[in-house]
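Undergrad: Provided herewith is a single structure, encoded as structure tokens, for subsequent inquiry.
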Amino acid sequence: MSATLDTVSLLADRINALEESSTLAMTKKARELAALGHKVISLSVGEPDFKTPQHICEAAKKAIDDGFHGYSPVAGYPDLRKAIADKFKRDNNIDWKPENIVVSTGAKHSLANVIQVLINPGDEVVIFSPYWVSYSEMVKLAEGKAVVIDGAFDNNFKVTPEQFEAAITDRTKIVMYASPNNPTGSIYSEAELRAIADVVARYENIHVLADEIYEYINFTPEGHFSMGSIPEVAERVITVNGVAKGYAMTGWRIGYIGAAKWIAEGVEKLQGQVTSGTNSIAQKATVAALNGPMEPSIEMAKAYHRRRDLVVKLLKEVPHFRTNVPEGAFYAFPDISYYYGKSDGTTRIENSDDFASWLLNTAYVATVAGSGFGAPNCLRISTAASDESLVEAVQRIKDAVATLQ
Ligand SMILES: Cc1ncc(COP(=O)(O)O)c(C=O)c1O
């Protein structure tokens, strides 16, 4: 019977309008090829290749033994909200109280919640591009309008305050960015964020959604800076963070916001009707993460730094790739557009999607096309993999592009 159903028209318009996550799609394809016996090197997923530090795992086991089996408060356990408020003060110089914090099911959920809570149909969200694939789709789901502004390759993919101000209209409600950035690894410096905050300060209806999920993976000598620490705009900056990347806890699904109380209450209200409080065991583990030793995270960041150096060096040896030096996170984002219009005799490559598919199907290296990140000339390569895999992957890429003409 289902064969005759017009499932597309049965699905809600909001789902039909949504793009599939390109990172998850590539990861799925790579798994399928691997299941067929191919030696796939998967550099598509945005996930640490480390295990969660042991003391955090122990805290989760203890939470089970101590009987944290029930529903938590919707916004999170009080000790976790306190640990997050303390973390904001300690690491970011941001003054939020526990009542300003809402814990959610990953930073992805936190971002989606805030957008649902602030955006009315037709409201505009300025997105600094390249951007993480889900931003524009979250805005679409809220019936908002994504206004994407491109950071130039020559400005390390960063948007200038002038570009930002030129994109502002009467409908602009949010500006959002990630620093350190996925997919580029770029980091907005303190001076750059202060200049952007100067613009925000002049438009009282604009809120900033600052995604700092890669905070601890920062290779700059200056370290991380949070716009939320600037007093002139602090009330209007919603800082999003989580434990996925910095503590290798992607599967634990804990993200959080620090925001003005009325926004935190809006998110709590939404969450109260949709998901309730997130996983109680993972919340207890996160208390241990935030209050515990930072050495494991520092060691992981050192490994990403070393791999960044390795991959950038290797990618610079791939003919006609143009590669910036990422300052944080765990991605390289070369411009591969030289190869558009070229063919290996069987497959012609017109764009980044073609390139990523071709690379996976011929060289068994899974990457992600730049198109989904708002950068159609680029390819995202995750460096969260062993040195051997990275060396082998770039060698395969080199061999593959040598067949293109
Ligand atoms: C920029 C950015 N923000 C948010 C997230 C979501 O993190 P979480 O796993 O905590 O939902 C990701 C994950 O890839 C990301 O790259």
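Letters for chains follow the order of the structure tokens (A, B, ...), residue numbers begin at 1 for each chain, and ligand numbers begin at 1 in the order shown.
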List as a list in words the protein and nucleic acid residues near Phe128 of chain A, meaning an atom at most 9 Å away when only C-alpha atoms are counted, but skip any in the same chain fewer than 2 places from it.

TA: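 Listed by chain and then number, they are Val126, Pro130, Tyr131, Val147, Val148, Ile149, Asp150, Gly151, Lys158, Val159, Phe164, Val175, Met176, Tyr177 and Ala178 of chain A.
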
Undergrad: Skip segment 351-366 of chain A itself and residues of its chain fewer than 4 positions away, then list as a list of chain:residue names all residues within 6 Å of it, counting only C-alpha atoms.

TA: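 Listed by chain and then number, they are A:Val40, A:Ile41, A:Ser42, A:Leu43, A:Ser44, A:Tyr340, A:Pro376, A:Arg396.
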
Undergrad: Name the closest residue to Lys245 of chain A among the candidates A:Gly370, A:Gly328, A:Gly258, A:Pro78; distances are taken between atoms, counting only C-alpha atoms.

TA: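 With only C-alpha atoms as the atom set, the closest residue is A:Gly328.
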
Undergrad: Give the residues close to ligand 1, within 9 Å, counting only C-alpha atoms and all ligand atoms; write them as a tab-separated table (two decimals) with N, CA and C atoms, in the first residue's frame.

TA:
```tsv
chain	number	residue	atom	x	y	z
A	23	THR	N	27.06	16.48	6.18
A	23	THR	CA	28.12	15.77	6.90
A	23	THR	C	27.64	14.36	7.28
A	45	VAL	N	33.41	13.14	9.32
A	45	VAL	CA	32.63	13.38	10.52
A	45	VAL	C	33.32	14.39	11.44
A	46	GLY	N	32.51	15.21	12.09
A	46	GLY	CA	33.06	16.23	12.99
A	46	GLY	C	33.16	15.70	14.40
A	47	GLU	N	33.98	14.72	14.60
A	47	GLU	CA	33.97	14.02	15.87
A	47	GLU	C	35.38	13.68	16.34
A	104	SER	N	20.84	21.48	27.26
A	104	SER	CA	20.03	20.82	26.22
A	104	SER	C	20.76	19.60	25.67
A	105	THR	N	20.13	18.98	24.69
A	105	THR	CA	20.65	17.73	24.14
A	105	THR	C	21.67	18.02	23.03
A	106	GLY	N	22.81	18.53	23.42
A	106	GLY	CA	23.85	18.92	22.47
A	106	GLY	C	23.75	20.40	22.12
A	107	ALA	N	24.87	20.96	21.70
A	107	ALA	CA	24.89	22.36	21.29
A	107	ALA	C	23.97	22.58	20.09
A	108	LYS	N	23.80	21.55	19.29
A	108	LYS	CA	22.90	21.63	18.13
A	108	LYS	C	21.49	21.95	18.62
A	109	HIS	N	21.07	21.25	19.66
A	109	HIS	CA	19.75	21.48	20.23
A	109	HIS	C	19.67	22.88	20.84
A	110	SER	N	20.74	23.29	21.51
A	110	SER	CA	20.75	24.64	22.11
A	110	SER	C	20.55	25.71	21.03
A	111	LEU	N	21.28	25.56	19.93
A	111	LEU	CA	21.18	26.54	18.84
A	111	LEU	C	19.76	26.56	18.26
A	131	TYR	N	29.77	28.51	7.20
A	131	TYR	CA	29.06	28.26	8.45
A	131	TYR	C	28.75	26.77	8.57
A	132	TRP	N	28.45	26.37	9.77
A	132	TRP	CA	28.12	24.98	10.03
A	132	TRP	C	26.78	24.65	9.36
A	133	VAL	N	26.73	23.50	8.70
A	133	VAL	CA	25.61	23.16	7.81
A	133	VAL	C	24.22	23.36	8.40
A	134	SER	N	24.07	23.18	9.70
A	134	SER	CA	22.72	23.20	10.27
A	134	SER	C	22.16	24.61	10.50
A	135	TYR	N	23.03	25.62	10.51
A	135	TYR	CA	22.53	26.97	10.85
A	135	TYR	C	21.37	27.41	9.94
A	177	TYR	N	27.53	33.14	14.50
A	177	TYR	CA	28.83	32.71	13.97
A	177	TYR	C	29.40	31.66	14.92
A	178	ALA	N	30.35	30.90	14.42
A	178	ALA	CA	31.10	29.98	15.27
A	178	ALA	C	32.57	30.40	15.24
A	179	SER	N	33.15	30.50	16.43
A	179	SER	CA	34.59	30.78	16.54
A	179	SER	C	35.12	30.03	17.75
A	180	PRO	N	36.07	29.11	17.54
A	180	PRO	CA	36.64	28.62	16.30
A	180	PRO	C	35.54	28.06	15.38
A	181	ASN	N	35.85	28.15	14.08
A	181	ASN	CA	34.83	27.87	13.08
A	181	ASN	C	34.90	26.44	12.54
A	182	ASN	N	33.72	25.90	12.35
A	182	ASN	CA	33.55	24.70	11.54
A	182	ASN	C	32.84	25.20	10.30
A	183	PRO	N	33.37	25.11	9.12
A	183	PRO	CA	34.41	24.21	8.62
A	183	PRO	C	35.82	24.79	8.47
A	211	ASP	N	28.55	30.70	18.85
A	211	ASP	CA	28.75	29.25	18.99
A	211	ASP	C	30.23	29.01	19.31
A	212	GLU	N	30.48	28.59	20.55
A	212	GLU	CA	31.87	28.44	21.01
A	212	GLU	C	32.20	26.98	21.32
A	213	ILE	N	31.55	26.08	20.59
A	213	ILE	CA	31.71	24.65	20.87
A	213	ILE	C	33.16	24.17	20.70
A	214	TYR	N	33.94	24.86	19.86
A	214	TYR	CA	35.35	24.45	19.66
A	214	TYR	C	36.32	25.27	20.52
A	240	VAL	N	26.70	29.82	23.23
A	240	VAL	CA	26.38	28.39	23.14
A	240	VAL	C	27.68	27.60	23.27
A	241	ASN	N	27.63	26.57	24.08
A	241	ASN	CA	28.81	25.72	24.20
A	241	ASN	C	28.32	24.30	24.55
A	242	GLY	N	29.27	23.42	24.77
A	242	GLY	CA	28.91	22.04	25.09
A	242	GLY	C	30.17	21.25	25.36
A	243	VAL	N	30.01	19.97	25.59
A	243	VAL	CA	31.17	19.16	25.93
A	243	VAL	C	31.63	18.26	24.78
A	244	ALA	N	30.89	18.28	23.67
A	244	ALA	CA	31.14	17.31	22.59
A	244	ALA	C	32.58	17.33	22.10
A	245	LYS	N	33.06	18.52	21.75
A	245	LYS	CA	34.35	18.58	21.05
A	245	LYS	C	35.52	18.65	22.02
A	249	MET	N	33.09	14.13	23.89
A	249	MET	CA	31.84	13.61	24.46
A	249	MET	C	30.67	13.77	23.49
A	250	THR	N	30.93	13.55	22.21
A	250	THR	CA	29.87	13.80	21.22
A	250	THR	C	28.60	13.01	21.50
A	251	GLY	N	28.76	11.74	21.87
A	251	GLY	CA	27.58	10.89	22.04
A	251	GLY	C	26.82	11.13	23.34
A	252	TRP	N	27.40	11.90	24.25
A	252	TRP	CA	26.72	12.12	25.52
A	252	TRP	C	25.60	13.14	25.38
A	253	ARG	N	25.68	13.95	24.35
A	253	ARG	CA	24.65	14.90	23.97
A	253	ARG	C	24.34	15.93	25.06
A	254	ILE	N	25.32	16.72	25.38
A	254	ILE	CA	25.10	17.82	26.32
A	254	ILE	C	25.59	19.13	25.69
A	255	GLY	N	24.68	20.08	25.57
A	255	GLY	CA	25.03	21.43	25.15
A	255	GLY	C	24.35	22.40	26.10
A	256	TYR	N	24.73	23.65	26.02
A	256	TYR	CA	24.08	24.61	26.91
A	256	TYR	C	24.17	26.03	26.36
A	329	ALA	N	39.80	24.24	15.95
A	329	ALA	CA	38.91	23.14	15.55
A	329	ALA	C	39.73	22.00	14.93
```

Undergrad: Using only C-alpha atoms, which of A:Ala385, A:Ile168, A:Ala234, A:Leu11 sits nearest Asn92 of chain A?

TA: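 Of all the options, A:Ala234 lies closest to Asn92 of chain A.
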
Undergrad: Which residues in segment 210-397 of chain A does DSSP call helix (DSSP H, G or I)? List them as number ranges by chain.

TA: A: 227-229, 234-236, 250-252, 261-274, 280-291, 295-316, 337-339, 352-363, 370-373, 387-397

Undergrad: Next, write the just-selected residues to a file, as a compact mmCIF listing (two decimals), in the first residue's frame, keeping C-alpha atoms as the atom set.

TA:
```
# COMPACT_ATOMS: atom_id res chain seq x y z
CA MET A 227 31.91 38.43 22.74
CA GLY A 228 29.67 37.80 25.75
CA SER A 229 32.38 39.31 27.96
CA ALA A 234 26.68 41.19 27.12
CA GLU A 235 22.91 41.10 27.73
CA ARG A 236 22.35 40.47 24.02
CA THR A 250 29.87 13.80 21.22
CA GLY A 251 27.58 10.89 22.04
CA TRP A 252 26.72 12.12 25.52
CA LYS A 261 16.96 35.42 31.76
CA TRP A 262 13.98 36.03 29.46
CA ILE A 263 15.69 34.08 26.68
CA ALA A 264 16.70 31.26 29.03
CA GLU A 265 13.10 31.10 30.25
CA GLY A 266 11.83 30.97 26.67
CA VAL A 267 14.16 28.08 25.90
CA GLU A 268 13.12 26.29 29.09
CA LYS A 269 9.46 26.71 28.14
CA LEU A 270 10.05 25.29 24.66
CA GLN A 271 12.15 22.44 25.98
CA GLY A 272 9.50 21.69 28.59
CA GLN A 273 7.05 20.90 25.81
CA VAL A 274 9.38 19.11 23.43
CA SER A 280 20.42 12.75 33.72
CA ILE A 281 23.54 10.54 33.66
CA ALA A 282 25.22 12.67 31.01
CA GLN A 283 24.44 15.79 33.05
CA LYS A 284 26.25 14.35 36.06
CA ALA A 285 29.18 13.38 33.86
CA THR A 286 29.29 16.95 32.56
CA VAL A 287 29.60 18.33 36.10
CA ALA A 288 32.74 16.19 36.44
CA ALA A 289 33.99 17.40 33.07
CA LEU A 290 33.54 21.09 33.81
CA ASN A 291 34.83 20.98 37.40
CA GLU A 295 44.81 18.04 31.15
CA PRO A 296 42.99 15.51 28.91
CA SER A 297 41.40 18.32 26.89
CA ILE A 298 44.74 20.12 26.64
CA GLU A 299 46.43 16.94 25.42
CA MET A 300 43.72 16.41 22.79
CA ALA A 301 44.10 20.00 21.59
CA LYS A 302 47.85 19.46 21.27
CA ALA A 303 47.22 16.41 19.10
CA TYR A 304 44.82 18.38 16.86
CA HIS A 305 47.42 21.14 16.58
CA ARG A 306 50.09 18.67 15.49
CA ARG A 307 47.73 17.09 12.96
CA ARG A 308 46.75 20.52 11.67
CA ASP A 309 50.42 21.17 10.91
CA LEU A 310 50.78 17.77 9.26
CA VAL A 311 47.66 18.07 7.10
CA VAL A 312 48.31 21.65 6.01
CA LYS A 313 51.85 20.68 4.99
CA LEU A 314 50.55 17.68 3.04
CA LEU A 315 47.68 19.57 1.40
CA LYS A 316 50.06 22.26 0.21
CA SER A 337 37.86 24.72 -7.52
CA TYR A 338 40.77 24.41 -9.97
CA TYR A 339 39.46 20.93 -10.70
CA SER A 352 32.30 20.43 -4.63
CA ASP A 353 29.54 17.82 -4.31
CA ASP A 354 30.81 16.05 -7.43
CA PHE A 355 34.36 16.24 -6.11
CA ALA A 356 33.50 14.79 -2.68
CA SER A 357 31.40 11.96 -4.21
CA TRP A 358 34.06 11.18 -6.80
CA LEU A 359 36.78 11.11 -4.16
CA LEU A 360 34.78 8.74 -2.01
CA ASN A 361 33.86 6.44 -4.88
CA THR A 362 37.29 6.29 -6.51
CA ALA A 363 39.80 6.85 -3.69
CA GLY A 370 31.96 22.90 0.86
CA SER A 371 28.57 23.68 -0.71
CA GLY A 372 26.60 22.78 2.42
CA PHE A 373 28.79 25.15 4.43
CA ASP A 387 48.49 10.53 11.55
CA GLU A 388 48.71 7.38 9.43
CA SER A 389 45.16 7.79 8.14
CA LEU A 390 45.77 11.45 7.34
CA VAL A 391 49.00 10.72 5.46
CA GLU A 392 47.37 7.89 3.52
CA ALA A 393 44.25 9.98 2.78
CA VAL A 394 46.18 12.92 1.35
CA GLN A 395 48.32 10.54 -0.72
CA ARG A 396 45.11 9.03 -2.16
CA ILE A 397 43.79 12.53 -2.88
```

Undergrad: Distance atom CA of Tyr71 of chain A-atom CA of Pro293 of chain A, one decimal place?

TA: 28.0 Å

Undergrad: Need the shell around Glu99 of chain A: protein/DNA/RNA residues with any atom at most 8 Å away, counting only C-alpha atoms. Skip same-chain ones fewer than 2 positions apart. Format as a ChimeraX atom specification?

TA: /A:81,96-97,101-102,261,264

Undergrad: What would the file look like if the residues just selected were written as a PDB file, in the first residue's frame with all heavy atoms?

TA:
```pdb
ATOM      1  N   ARG A  81      24.053  23.516  36.321  1.00  0.00           N
ATOM      2  CA  ARG A  81      23.895  24.921  35.908  1.00  0.00           C
ATOM      3  C   ARG A  81      24.896  25.811  36.655  1.00  0.00           C
ATOM      4  O   ARG A  81      25.414  26.770  36.108  1.00  0.00           O
ATOM      5  CB  ARG A  81      22.453  25.377  36.133  1.00  0.00           C
ATOM      6  CG  ARG A  81      21.488  24.668  35.177  1.00  0.00           C
ATOM      7  CD  ARG A  81      20.060  24.896  35.568  1.00  0.00           C
ATOM      8  NE  ARG A  81      19.500  26.110  35.042  1.00  0.00           N
ATOM      9  CZ  ARG A  81      18.370  26.671  35.495  1.00  0.00           C
ATOM     10  NH1 ARG A  81      17.713  26.109  36.486  1.00  0.00           N
ATOM     11  NH2 ARG A  81      17.896  27.775  34.951  1.00  0.00           N
ATOM     12  N   TRP A  96      27.175  35.022  34.076  1.00  0.00           N
ATOM     13  CA  TRP A  96      25.817  34.491  34.128  1.00  0.00           C
ATOM     14  C   TRP A  96      25.615  33.743  35.437  1.00  0.00           C
ATOM     15  O   TRP A  96      26.529  33.102  35.944  1.00  0.00           O
ATOM     16  CB  TRP A  96      25.530  33.530  32.964  1.00  0.00           C
ATOM     17  CG  TRP A  96      25.447  34.146  31.603  1.00  0.00           C
ATOM     18  CD1 TRP A  96      26.112  33.717  30.492  1.00  0.00           C
ATOM     19  CD2 TRP A  96      24.640  35.252  31.181  1.00  0.00           C
ATOM     20  NE1 TRP A  96      25.782  34.490  29.412  1.00  0.00           N
ATOM     21  CE2 TRP A  96      24.880  35.446  29.804  1.00  0.00           C
ATOM     22  CE3 TRP A  96      23.748  36.113  31.822  1.00  0.00           C
ATOM     23  CZ2 TRP A  96      24.259  36.442  29.060  1.00  0.00           C
ATOM     24  CZ3 TRP A  96      23.130  37.116  31.079  1.00  0.00           C
ATOM     25  CH2 TRP A  96      23.388  37.262  29.723  1.00  0.00           C
ATOM     26  N   LYS A  97      24.390  33.817  35.943  1.00  0.00           N
ATOM     27  CA  LYS A  97      24.025  33.030  37.127  1.00  0.00           C
ATOM     28  C   LYS A  97      23.404  31.721  36.636  1.00  0.00           C
ATOM     29  O   LYS A  97      23.037  31.614  35.462  1.00  0.00           O
ATOM     30  CB  LYS A  97      22.993  33.796  37.950  1.00  0.00           C
ATOM     31  CG  LYS A  97      23.468  35.130  38.482  1.00  0.00           C
ATOM     32  CD  LYS A  97      22.469  35.620  39.529  1.00  0.00           C
ATOM     33  CE  LYS A  97      22.979  36.853  40.237  1.00  0.00           C
ATOM     34  NZ  LYS A  97      23.086  38.007  39.320  1.00  0.00           N
ATOM     35  N   ILE A 101      21.247  29.842  32.634  1.00  0.00           N
ATOM     36  CA  ILE A 101      21.780  28.681  31.909  1.00  0.00           C
ATOM     37  C   ILE A 101      20.646  27.703  31.594  1.00  0.00           C
ATOM     38  O   ILE A 101      19.816  27.413  32.456  1.00  0.00           O
ATOM     39  CB  ILE A 101      22.805  27.917  32.800  1.00  0.00           C
ATOM     40  CG1 ILE A 101      23.849  28.864  33.416  1.00  0.00           C
ATOM     41  CG2 ILE A 101      23.438  26.755  32.044  1.00  0.00           C
ATOM     42  CD1 ILE A 101      24.746  29.572  32.471  1.00  0.00           C
ATOM     43  N   VAL A 102      20.641  27.174  30.366  1.00  0.00           N
ATOM     44  CA  VAL A 102      19.753  26.047  30.055  1.00  0.00           C
ATOM     45  C   VAL A 102      20.588  24.953  29.390  1.00  0.00           C
ATOM     46  O   VAL A 102      21.324  25.214  28.426  1.00  0.00           O
ATOM     47  CB  VAL A 102      18.590  26.435  29.114  1.00  0.00           C
ATOM     48  CG1 VAL A 102      17.676  25.224  28.880  1.00  0.00           C
ATOM     49  CG2 VAL A 102      17.797  27.590  29.669  1.00  0.00           C
ATOM     50  N   LYS A 261      17.916  36.304  31.083  1.00  0.00           N
ATOM     51  CA  LYS A 261      16.958  35.419  31.756  1.00  0.00           C
ATOM     52  C   LYS A 261      15.704  35.179  30.914  1.00  0.00           C
ATOM     53  O   LYS A 261      15.198  34.056  30.849  1.00  0.00           O
ATOM     54  CB  LYS A 261      16.592  36.045  33.110  1.00  0.00           C
ATOM     55  CG  LYS A 261      15.884  35.106  34.028  1.00  0.00           C
ATOM     56  CD  LYS A 261      16.063  35.491  35.479  1.00  0.00           C
ATOM     57  CE  LYS A 261      15.171  34.659  36.365  1.00  0.00           C
ATOM     58  NZ  LYS A 261      13.957  35.346  36.788  1.00  0.00           N
ATOM     59  N   ALA A 264      16.546  32.566  28.382  1.00  0.00           N
ATOM     60  CA  ALA A 264      16.703  31.256  29.034  1.00  0.00           C
ATOM     61  C   ALA A 264      15.325  30.700  29.406  1.00  0.00           C
ATOM     62  O   ALA A 264      15.055  29.509  29.217  1.00  0.00           O
ATOM     63  CB  ALA A 264      17.594  31.390  30.270  1.00  0.00           C
TER      64      ALA A 264
END
```

Undergrad: Write down as JSON, numbers by chain the residues belonging to segment 136-335 of chain A that are assigned strand (DSSP E or B) by DSSP computed on the backbone.

TA: {"A": [145, 146, 147, 148, 149, 150, 152, 158, 172, 173, 174, 175, 176, 177, 178, 207, 208, 209, 210, 211, 218, 237, 238, 239, 240, 241, 242, 255, 256, 257, 258, 322, 328, 331, 332, 335]}
